[in-house]
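Engineer: What follows is model_37.pdb; its format and atoms are PDB, C-alpha atoms.
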```
ATOM      1  CA  MET D   1     123.710 101.079  81.460  1.00  0.00           C
ATOM      2  CA  ILE D   2     120.212 100.514  82.875  1.00  0.00           C
ATOM      3  CA  LYS D   3     118.093 103.506  83.844  1.00  0.00           C
ATOM      4  CA  TYR D   4     115.557 102.945  86.614  1.00  0.00           C
ATOM      5  CA  ARG D   5     112.678 105.071  87.878  1.00  0.00           C
ATOM      6  CA  LYS D   6     109.698 104.627  90.152  1.00  0.00           C
ATOM      7  CA  ILE D   7     106.606 106.094  88.504  1.00  0.00           C
ATOM      8  CA  LYS D   8     103.441 106.976  90.401  1.00  0.00           C
ATOM      9  CA  ALA D   9     100.378 105.152  89.076  1.00  0.00           C
ATOM     10  CA  GLY D  10      97.322 106.154  91.056  1.00  0.00           C
ATOM     11  CA  GLU D  11      98.010 105.288  94.695  1.00  0.00           C
ATOM     12  CA  LYS D  12     100.785 102.837  93.811  1.00  0.00           C
ATOM     13  CA  HIS D  13     104.077 102.863  91.929  1.00  0.00           C
ATOM     14  CA  ILE D  14     105.434 101.147  88.834  1.00  0.00           C
ATOM     15  CA  ASP D  15     109.066 100.150  88.296  1.00  0.00           C
ATOM     16  CA  ALA D  16     110.373 101.557  84.996  1.00  0.00           C
ATOM     17  CA  PHE D  17     113.519 100.263  83.313  1.00  0.00           C
ATOM     18  CA  MET D  18     115.280 101.392  80.165  1.00  0.00           C
ATOM     19  CA  MET D  19     118.458 100.093  78.588  1.00  0.00           C
ATOM     20  CA  LYS D  20     120.139 100.322  75.213  1.00  0.00           C
ATOM     21  CA  LEU D  21     119.620  97.086  73.288  1.00  0.00           C
ATOM     22  CA  GLY D  22     121.124  97.102  69.830  1.00  0.00           C
ATOM     23  CA  ALA D  23     120.037 100.218  67.950  1.00  0.00           C
ATOM     24  CA  LYS D  24     117.025 100.946  70.186  1.00  0.00           C
ATOM     25  CA  ASN D  25     116.073 101.222  73.850  1.00  0.00           C
ATOM     26  CA  LEU D  26     114.337  98.400  75.680  1.00  0.00           C
ATOM     27  CA  ILE D  27     111.644  99.923  77.905  1.00  0.00           C
ATOM     28  CA  VAL D  28     109.742  97.979  80.583  1.00  0.00           C
ATOM     29  CA  PHE D  29     107.104  99.093  83.086  1.00  0.00           C
ATOM     30  CA  LYS D  30     106.536  96.467  85.792  1.00  0.00           C
ATOM     31  CA  GLY D  31     103.729  96.437  88.318  1.00  0.00           C
ATOM     32  CA  SER D  32     102.516  93.825  90.782  1.00  0.00           C
ATOM     33  CA  ARG D  33      99.803  92.608  88.375  1.00  0.00           C
ATOM     34  CA  GLY D  34     101.624  92.730  85.048  1.00  0.00           C
ATOM     35  CA  TYR D  35     103.989  94.555  82.749  1.00  0.00           C
ATOM     36  CA  ALA D  36     104.154  96.766  79.685  1.00  0.00           C
ATOM     37  CA  MET D  37     107.002  96.705  77.244  1.00  0.00           C
ATOM     38  CA  CYS D  38     108.167  98.257  73.998  1.00  0.00           C
ATOM     39  CA  GLY D  39     108.170  96.473  70.657  1.00  0.00           C
ATOM     40  CA  TYR D  40     110.768  93.966  71.827  1.00  0.00           C
ATOM     41  CA  LEU D  41     107.963  92.142  73.683  1.00  0.00           C
ATOM     42  CA  ASN D  42     106.941  88.791  72.232  1.00  0.00           C
ATOM     43  CA  LEU D  43     103.224  88.659  73.037  1.00  0.00           C
ATOM     44  CA  GLY D  44     103.007  85.023  71.976  1.00  0.00           C
ATOM     45  CA  VAL D  45     105.362  83.978  74.753  1.00  0.00           C
ATOM     46  CA  SER D  46     103.622  86.254  77.274  1.00  0.00           C
ATOM     47  CA  GLN D  47     100.270  84.728  76.287  1.00  0.00           C
ATOM     48  CA  LYS D  48     101.700  81.213  76.642  1.00  0.00           C
ATOM     49  CA  PHE D  49     102.631  81.978  80.267  1.00  0.00           C
ATOM     50  CA  HIS D  50      99.252  83.657  80.937  1.00  0.00           C
ATOM     51  CA  ASP D  51     100.961  86.959  81.784  1.00  0.00           C
ATOM     52  CA  VAL D  52      99.172  90.292  81.975  1.00  0.00           C
ATOM     53  CA  ALA D  53     101.303  91.900  79.269  1.00  0.00           C
ATOM     54  CA  VAL D  54     100.937  95.063  77.200  1.00  0.00           C
ATOM     55  CA  LYS D  55     102.920  96.033  74.110  1.00  0.00           C
ATOM     56  CA  ILE D  56     103.654  99.640  73.121  1.00  0.00           C
ATOM     57  CA  VAL D  57     105.497 100.682  69.971  1.00  0.00           C
ATOM     58  CA  GLY D  58     107.323 103.688  68.557  1.00  0.00           C
ATOM     59  CA  VAL D  59     108.818 104.801  71.869  1.00  0.00           C
ATOM     60  CA  SER D  60     112.439 105.660  72.680  1.00  0.00           C
ATOM     61  CA  ASN D  61     112.279 106.996  76.244  1.00  0.00           C
ATOM     62  CA  PHE D  62     110.150 107.042  79.415  1.00  0.00           C
ATOM     63  CA  ARG D  63     108.236 110.187  78.417  1.00  0.00           C
ATOM     64  CA  GLU D  64     107.189 108.778  75.051  1.00  0.00           C
ATOM     65  CA  ALA D  65     106.265 105.456  76.656  1.00  0.00           C
ATOM     66  CA  LEU D  66     104.105 107.135  79.303  1.00  0.00           C
ATOM     67  CA  ASN D  67     102.304 109.139  76.618  1.00  0.00           C
ATOM     68  CA  SER D  68     101.766 106.153  74.311  1.00  0.00           C
ATOM     69  CA  LYS D  69      98.753 103.920  73.784  1.00  0.00           C
ATOM     70  CA  VAL D  70      98.395 100.138  73.913  1.00  0.00           C
ATOM     71  CA  HIS D  71      99.390  98.549  70.609  1.00  0.00           C
ATOM     72  CA  ALA D  72      98.403  95.020  71.677  1.00  0.00           C
ATOM     73  CA  CYS D  73      97.894  92.982  74.848  1.00  0.00           C
ATOM     74  CA  THR D  74      97.380  89.433  76.085  1.00  0.00           C
ATOM     75  CA  TYR D  75      94.034  87.887  76.954  1.00  0.00           C
ATOM     76  CA  PRO D  76      94.748  88.086  80.718  1.00  0.00           C
ATOM     77  CA  ALA D  77      95.339  91.837  80.255  1.00  0.00           C
ATOM     78  CA  ARG D  78      92.020  92.193  78.425  1.00  0.00           C
ATOM     79  CA  ARG D  79      90.278  90.414  81.306  1.00  0.00           C
ATOM     80  CA  LEU D  80      91.553  93.198  83.595  1.00  0.00           C
ATOM     81  CA  GLY D  81      89.992  95.824  81.317  1.00  0.00           C
ATOM     82  CA  ILE D  82      93.019  96.721  79.201  1.00  0.00           C
ATOM     83  CA  TYR D  83      92.341  97.267  75.498  1.00  0.00           C
ATOM     84  CA  LYS D  84      94.087  98.317  72.283  1.00  0.00           C
ATOM     85  CA  GLY D  85      94.347 102.103  72.015  1.00  0.00           C
ATOM     86  CA  GLN D  86      94.072 102.675  75.787  1.00  0.00           C
ATOM     87  CA  ALA D  87      96.340 105.356  77.287  1.00  0.00           C
ATOM     88  CA  MET D  88      99.372 103.912  79.050  1.00  0.00           C
ATOM     89  CA  ARG D  89      98.834 106.142  82.101  1.00  0.00           C
ATOM     90  CA  ASP D  90      95.492 104.347  82.629  1.00  0.00           C
ATOM     91  CA  VAL D  91      97.076 100.932  82.041  1.00  0.00           C
ATOM     92  CA  LEU D  92      99.757 101.593  84.646  1.00  0.00           C
ATOM     93  CA  LYS D  93      97.064 102.169  87.278  1.00  0.00           C
ATOM     94  CA  ILE D  94      95.572  98.761  86.410  1.00  0.00           C
ATOM     95  CA  ILE D  95      98.838  96.783  86.509  1.00  0.00           C
ATOM     96  CA  ALA D  96     100.339  98.611  89.490  1.00  0.00           C
TER      97      ALA D  96
END
```
Show me the file's structure as structure tokens.
Structural biologist:
Amino acid sequence: MIKYRKIKAGEKHIDAFMMKLGAKNLIVFKGSRGYAMCGYLNLGVSQKFHDVAVKIVGVSNFREALNSKVHACTYPARRLGIYKGQAMRDVLKIIA
């Protein structure tokens, strides 16, 4: 079962998805400029495709993901001003 929510990010909205994948939940926040994802994200592949991608870790639900901080991100994400340790609520405003 996939859970879906629209989350307000500044003046825009982010699409949030969560689904059980093996023993853990796969969590994805998708905006018009990029996406953030839990530890299942392969940043190497995202970098290869020049995606604005952000990785968060240690999260099991939307609330934890929204309150997390950037674990790592691609170069295109850094060019937009996203950095390691940045609050996800701020990142969502950038990628929305």
Engineer: Skip D:Arg5 itself and residues of its chain fewer than 2 positions away, then list as a VMD selection string all residues within 12 Å of it, counting all atoms listed in the file.
Structural biologist: chain D and resid 2 to 3 7 to 8 13 to 18 27 to 30 61 to 63
Engineer: How far is it from atom CA of D:Tyr40 to atom CA of D:Lys55, in Å with one decimal?
Structural biologist: 8.4 Å
Engineer: Which residue, D:Gly39, D:Gly22, D:Gly31, D:Pro76, has the smallest gap to D:Lys6 when you use all atoms listed in the file?
Structural biologist: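 Closest to D:Lys6 of all the choices is D:Gly31.
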Engineer: Kindly indicate which residue among D:Cys73, D:Ala65, D:Ile94, D:Leu26 lies nearest to D:Asp51, using only C-alpha atoms for the distances.
Structural biologist: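 Nearest to D:Asp51: D:Cys73.
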Engineer: Which residue, D:Asn42, D:Ser68, D:Lys12, D:Met37, has the smallest gap to D:Val54 when you use only C-alpha atoms?
Structural biologist: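 Closest residue, counting only C-alpha atoms: D:Met37.
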Engineer: Calculate how many Å separate atom CA of D:Ser60 from atom CA of D:Asn25, rounding to one decimal.
Structural biologist: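 Atom CA of D:Ser60 sits 5.9 Å away from atom CA of D:Asn25.
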Engineer: Name the residues in contact with D:Ile82 at a cut-off of 8 Å, using all atoms listed in the file, excluding same-chain residues fewer than 3 positions from it; report them as a PyMOL selection string.
Structural biologist: chain D and resi 73+77-79+86+91+94
Engineer: Keeping C-alpha atoms, export the residues of the selection given above as a short mmCIF file (atom, residue, chain, number, x, y, z; two decimals), keeping the file's coordinate frame.
Structural biologist:
```
data_model
loop_
_atom_site.label_atom_id
_atom_site.label_comp_id
_atom_site.auth_asym_id
_atom_site.auth_seq_id
_atom_site.Cartn_x
_atom_site.Cartn_y
_atom_site.Cartn_z
CA CYS D 73 97.89 92.98 74.85
CA ALA D 77 95.34 91.84 80.26
CA ARG D 78 92.02 92.19 78.42
CA ARG D 79 90.28 90.41 81.31
CA GLN D 86 94.07 102.68 75.79
CA VAL D 91 97.08 100.93 82.04
CA ILE D 94 95.57 98.76 86.41
#
```
Engineer: Hey, can you check how far atom CA of D:Leu43 sits from atom CA of D:Ile56?
Structural biologist: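 Those two atoms sit 11.0 Å apart.
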